[in-house]
Amino acid sequence: MRRIASLAVSYLLVSTALAFAGDGDARVFLGEISDSQCAFNIHSLTRSHQEMLKSKSMGGSAKECADYCVKYLGGVLVLSSKQDVYRLSNPERVVDFTGQQVKITGTLQPKTKTIHVERIEAVK
């Protein structure tokens, strides 16, 4: 019985690793750490924080807007890059970069457009 449980755990770990292995090669992604509400046009017409910042209802900066949307409106942190929005499998890695332009090195799961973040750094 212990062997079966051990095999089941091993299978689960391998399956999880493969799910986030993506296309296997680490790539570089550039964009802004944003919130899903603004990035997916839930309350924005420009896929940005512009409307919310003009209304001053959600802060005065991209960071304040994204933090507000995540905390109070059910948004999640994403990478907004030109016309693409990527989910993040490990958003806890990017919390300190909310509202900033960044360079992420990670692997992409193409079917879900989810990046597994390996490294992140601010871009000036």
# chains A, B, ... in the order shown; residues from 1 in each chain; ligands from 1
>>> residues_around(residues="region 120-123 of chain A", least_positions_apart="5", cutoff="7 Å", atoms="only C-alpha atoms", output="count of residues only")
6
>>> residues_around(residues="region 72-82 of chain A", least_positions_apart="2", cutoff="8 Å", atoms="only C-alpha atoms", output="PyMOL selection string")
chain A and resi 29-37+39+66+68-70+84-88+91+94-95+98
>>> write_last_selection(atoms="N, CA and C atoms", output="PDB file, in the first residue's frame")
ATOM      1  N   PHE A  29      10.332  37.674 -21.847  1.00  0.00           N
ATOM      2  CA  PHE A  29       9.086  38.369 -22.104  1.00  0.00           C
ATOM      3  C   PHE A  29       9.219  39.773 -21.516  1.00  0.00           C
ATOM      4  N   LEU A  30       8.805  40.780 -22.279  1.00  0.00           N
ATOM      5  CA  LEU A  30       8.847  42.169 -21.825  1.00  0.00           C
ATOM      6  C   LEU A  30       7.433  42.700 -21.697  1.00  0.00           C
ATOM      7  N   GLY A  31       7.198  43.496 -20.674  1.00  0.00           N
ATOM      8  CA  GLY A  31       5.886  44.094 -20.504  1.00  0.00           C
ATOM      9  C   GLY A  31       5.726  44.675 -19.126  1.00  0.00           C
ATOM     10  N   GLU A  32       4.485  44.945 -18.754  1.00  0.00           N
ATOM     11  CA  GLU A  32       4.166  45.521 -17.450  1.00  0.00           C
ATOM     12  C   GLU A  32       3.470  44.489 -16.583  1.00  0.00           C
ATOM     13  N   ILE A  33       3.859  44.439 -15.312  1.00  0.00           N
ATOM     14  CA  ILE A  33       3.112  43.629 -14.361  1.00  0.00           C
ATOM     15  C   ILE A  33       1.856  44.424 -14.032  1.00  0.00           C
ATOM     16  N   SER A  34       0.738  43.918 -14.474  1.00  0.00           N
ATOM     17  CA  SER A  34      -0.540  44.603 -14.366  1.00  0.00           C
ATOM     18  C   SER A  34      -1.536  43.694 -13.660  1.00  0.00           C
ATOM     19  N   ASP A  35      -2.770  44.140 -13.620  1.00  0.00           N
ATOM     20  CA  ASP A  35      -3.842  43.308 -13.070  1.00  0.00           C
ATOM     21  C   ASP A  35      -4.737  42.838 -14.215  1.00  0.00           C
ATOM     22  N   SER A  36      -5.377  41.716 -14.002  1.00  0.00           N
ATOM     23  CA  SER A  36      -6.208  41.131 -15.054  1.00  0.00           C
ATOM     24  C   SER A  36      -7.409  42.016 -15.389  1.00  0.00           C
ATOM     25  N   GLN A  37      -7.902  42.785 -14.436  1.00  0.00           N
ATOM     26  CA  GLN A  37      -9.063  43.645 -14.692  1.00  0.00           C
ATOM     27  C   GLN A  37      -8.759  44.671 -15.783  1.00  0.00           C
ATOM     28  N   ALA A  39      -5.895  44.696 -17.790  1.00  0.00           N
ATOM     29  CA  ALA A  39      -5.251  44.073 -18.950  1.00  0.00           C
ATOM     30  C   ALA A  39      -6.239  43.369 -19.878  1.00  0.00           C
ATOM     31  N   ALA A  66      -3.277  48.631  -9.988  1.00  0.00           N
ATOM     32  CA  ALA A  66      -3.172  47.170 -10.041  1.00  0.00           C
ATOM     33  C   ALA A  66      -3.365  46.553  -8.658  1.00  0.00           C
ATOM     34  N   TYR A  68      -5.045  47.777  -6.165  1.00  0.00           N
ATOM     35  CA  TYR A  68      -6.457  47.928  -5.813  1.00  0.00           C
ATOM     36  C   TYR A  68      -7.298  46.850  -6.502  1.00  0.00           C
ATOM     37  N   CYS A  69      -7.078  46.676  -7.794  1.00  0.00           N
ATOM     38  CA  CYS A  69      -7.864  45.700  -8.558  1.00  0.00           C
ATOM     39  C   CYS A  69      -7.652  44.269  -8.057  1.00  0.00           C
ATOM     40  N   VAL A  70      -6.433  43.960  -7.665  1.00  0.00           N
ATOM     41  CA  VAL A  70      -6.147  42.619  -7.140  1.00  0.00           C
ATOM     42  C   VAL A  70      -6.782  42.447  -5.762  1.00  0.00           C
ATOM     43  N   ASP A  84      -0.646  41.264 -26.046  1.00  0.00           N
ATOM     44  CA  ASP A  84      -0.766  39.978 -25.367  1.00  0.00           C
ATOM     45  C   ASP A  84      -0.843  40.156 -23.859  1.00  0.00           C
ATOM     46  N   VAL A  85      -1.583  39.264 -23.227  1.00  0.00           N
ATOM     47  CA  VAL A  85      -1.644  39.210 -21.777  1.00  0.00           C
ATOM     48  C   VAL A  85      -1.326  37.782 -21.376  1.00  0.00           C
ATOM     49  N   TYR A  86      -0.372  37.638 -20.473  1.00  0.00           N
ATOM     50  CA  TYR A  86       0.058  36.313 -20.025  1.00  0.00           C
ATOM     51  C   TYR A  86      -0.287  36.126 -18.558  1.00  0.00           C
ATOM     52  N   ARG A  87      -0.870  34.987 -18.248  1.00  0.00           N
ATOM     53  CA  ARG A  87      -1.077  34.614 -16.855  1.00  0.00           C
ATOM     54  C   ARG A  87       0.270  34.183 -16.289  1.00  0.00           C
ATOM     55  N   LEU A  88       0.376  34.162 -14.974  1.00  0.00           N
ATOM     56  CA  LEU A  88       1.621  33.786 -14.315  1.00  0.00           C
ATOM     57  C   LEU A  88       1.346  32.619 -13.378  1.00  0.00           C
ATOM     58  N   PRO A  91       2.559  33.917  -9.396  1.00  0.00           N
ATOM     59  CA  PRO A  91       2.483  35.375  -9.289  1.00  0.00           C
ATOM     60  C   PRO A  91       3.163  35.948  -8.051  1.00  0.00           C
ATOM     61  N   VAL A  94       6.268  38.039  -8.629  1.00  0.00           N
ATOM     62  CA  VAL A  94       6.246  39.347  -9.290  1.00  0.00           C
ATOM     63  C   VAL A  94       5.609  40.462  -8.462  1.00  0.00           C
ATOM     64  N   VAL A  95       5.150  40.160  -7.270  1.00  0.00           N
ATOM     65  CA  VAL A  95       4.421  41.127  -6.449  1.00  0.00           C
ATOM     66  C   VAL A  95       5.195  42.429  -6.260  1.00  0.00           C
ATOM     67  N   THR A  98       4.763  45.146  -9.296  1.00  0.00           N
ATOM     68  CA  THR A  98       3.449  45.589  -9.762  1.00  0.00           C
ATOM     69  C   THR A  98       3.517  47.011 -10.308  1.00  0.00           C
TER      70      THR A  98
END
>>> atom_distance(atom1="CA of Gly106 (chain A)", atom2="CA of Lys124 (chain A)")
19.8 Å
>>> atom_distance(atom1="CA of Thr107 (chain A)", atom2="CA of Ala62 (chain A)")
25.8 Å
>>> atom_distance(atom1="CA of Gly59 (chain A)", atom2="CA of His116 (chain A)")
29.0 Å
>>> residues_around(residues="Leu108 (chain A)", least_positions_apart="3", cutoff="10 Å", atoms="only C-alpha atoms", output="compact mmCIF listing (two decimals) with N, CA and C atoms, in the first residue's frame")
# COMPACT_ATOMS: atom_id res chain seq x y z
N PHE A 20 3.82 22.64 -16.36
CA PHE A 20 4.42 23.95 -16.42
C PHE A 20 5.72 23.97 -17.20
N ALA A 21 6.07 22.87 -17.79
CA ALA A 21 7.29 22.84 -18.58
C ALA A 21 7.13 23.64 -19.86
N GLY A 22 5.87 23.81 -20.28
CA GLY A 22 5.60 24.60 -21.46
C GLY A 22 6.31 24.05 -22.68
N ASP A 23 6.89 24.93 -23.47
CA ASP A 23 7.58 24.47 -24.66
C ASP A 23 9.01 24.05 -24.34
N GLY A 24 9.38 24.07 -23.06
CA GLY A 24 10.67 23.54 -22.63
C GLY A 24 11.81 24.54 -22.61
N ASP A 25 11.73 25.56 -23.41
CA ASP A 25 12.83 26.53 -23.49
C ASP A 25 12.45 27.81 -22.76
N ALA A 26 13.36 28.28 -21.92
CA ALA A 26 13.14 29.57 -21.26
C ALA A 26 13.24 30.67 -22.31
N ARG A 27 12.34 31.62 -22.20
CA ARG A 27 12.31 32.76 -23.12
C ARG A 27 12.25 34.04 -22.32
N VAL A 28 12.46 35.15 -22.99
CA VAL A 28 12.37 36.46 -22.36
C VAL A 28 11.06 37.12 -22.81
N PHE A 29 10.33 37.67 -21.85
CA PHE A 29 9.09 38.37 -22.10
C PHE A 29 9.22 39.77 -21.52
N TYR A 86 -0.37 37.64 -20.47
CA TYR A 86 0.06 36.31 -20.02
C TYR A 86 -0.29 36.13 -18.56
N ARG A 87 -0.87 34.99 -18.25
CA ARG A 87 -1.08 34.61 -16.85
C ARG A 87 0.27 34.18 -16.29
N LEU A 88 0.38 34.16 -14.97
CA LEU A 88 1.62 33.79 -14.32
C LEU A 88 1.35 32.62 -13.38
N SER A 89 2.09 31.52 -13.54
CA SER A 89 1.85 30.33 -12.71
C SER A 89 2.32 30.55 -11.28
N THR A 105 12.17 36.15 -17.48
CA THR A 105 12.69 34.95 -18.12
C THR A 105 11.88 33.79 -17.57
N LYS A 111 -0.90 26.76 -24.56
CA LYS A 111 -2.36 26.57 -24.59
C LYS A 111 -3.08 27.52 -23.65
N THR A 112 -2.48 27.81 -22.52
CA THR A 112 -3.12 28.68 -21.53
C THR A 112 -2.50 30.06 -21.47
N LYS A 113 -1.46 30.31 -22.27
CA LYS A 113 -0.72 31.57 -22.24
C LYS A 113 -0.27 31.90 -20.82
N THR A 114 0.29 30.88 -20.16
CA THR A 114 0.77 31.02 -18.79
C THR A 114 2.28 30.91 -18.77
N ILE A 115 2.91 31.87 -18.10
CA ILE A 115 4.37 31.88 -17.97
C ILE A 115 4.73 31.39 -16.57
N HIS A 116 5.69 30.48 -16.52
CA HIS A 116 6.29 30.10 -15.25
C HIS A 116 7.53 30.97 -15.10
N VAL A 117 7.49 31.91 -14.15
CA VAL A 117 8.54 32.90 -13.98
C VAL A 117 9.76 32.26 -13.32
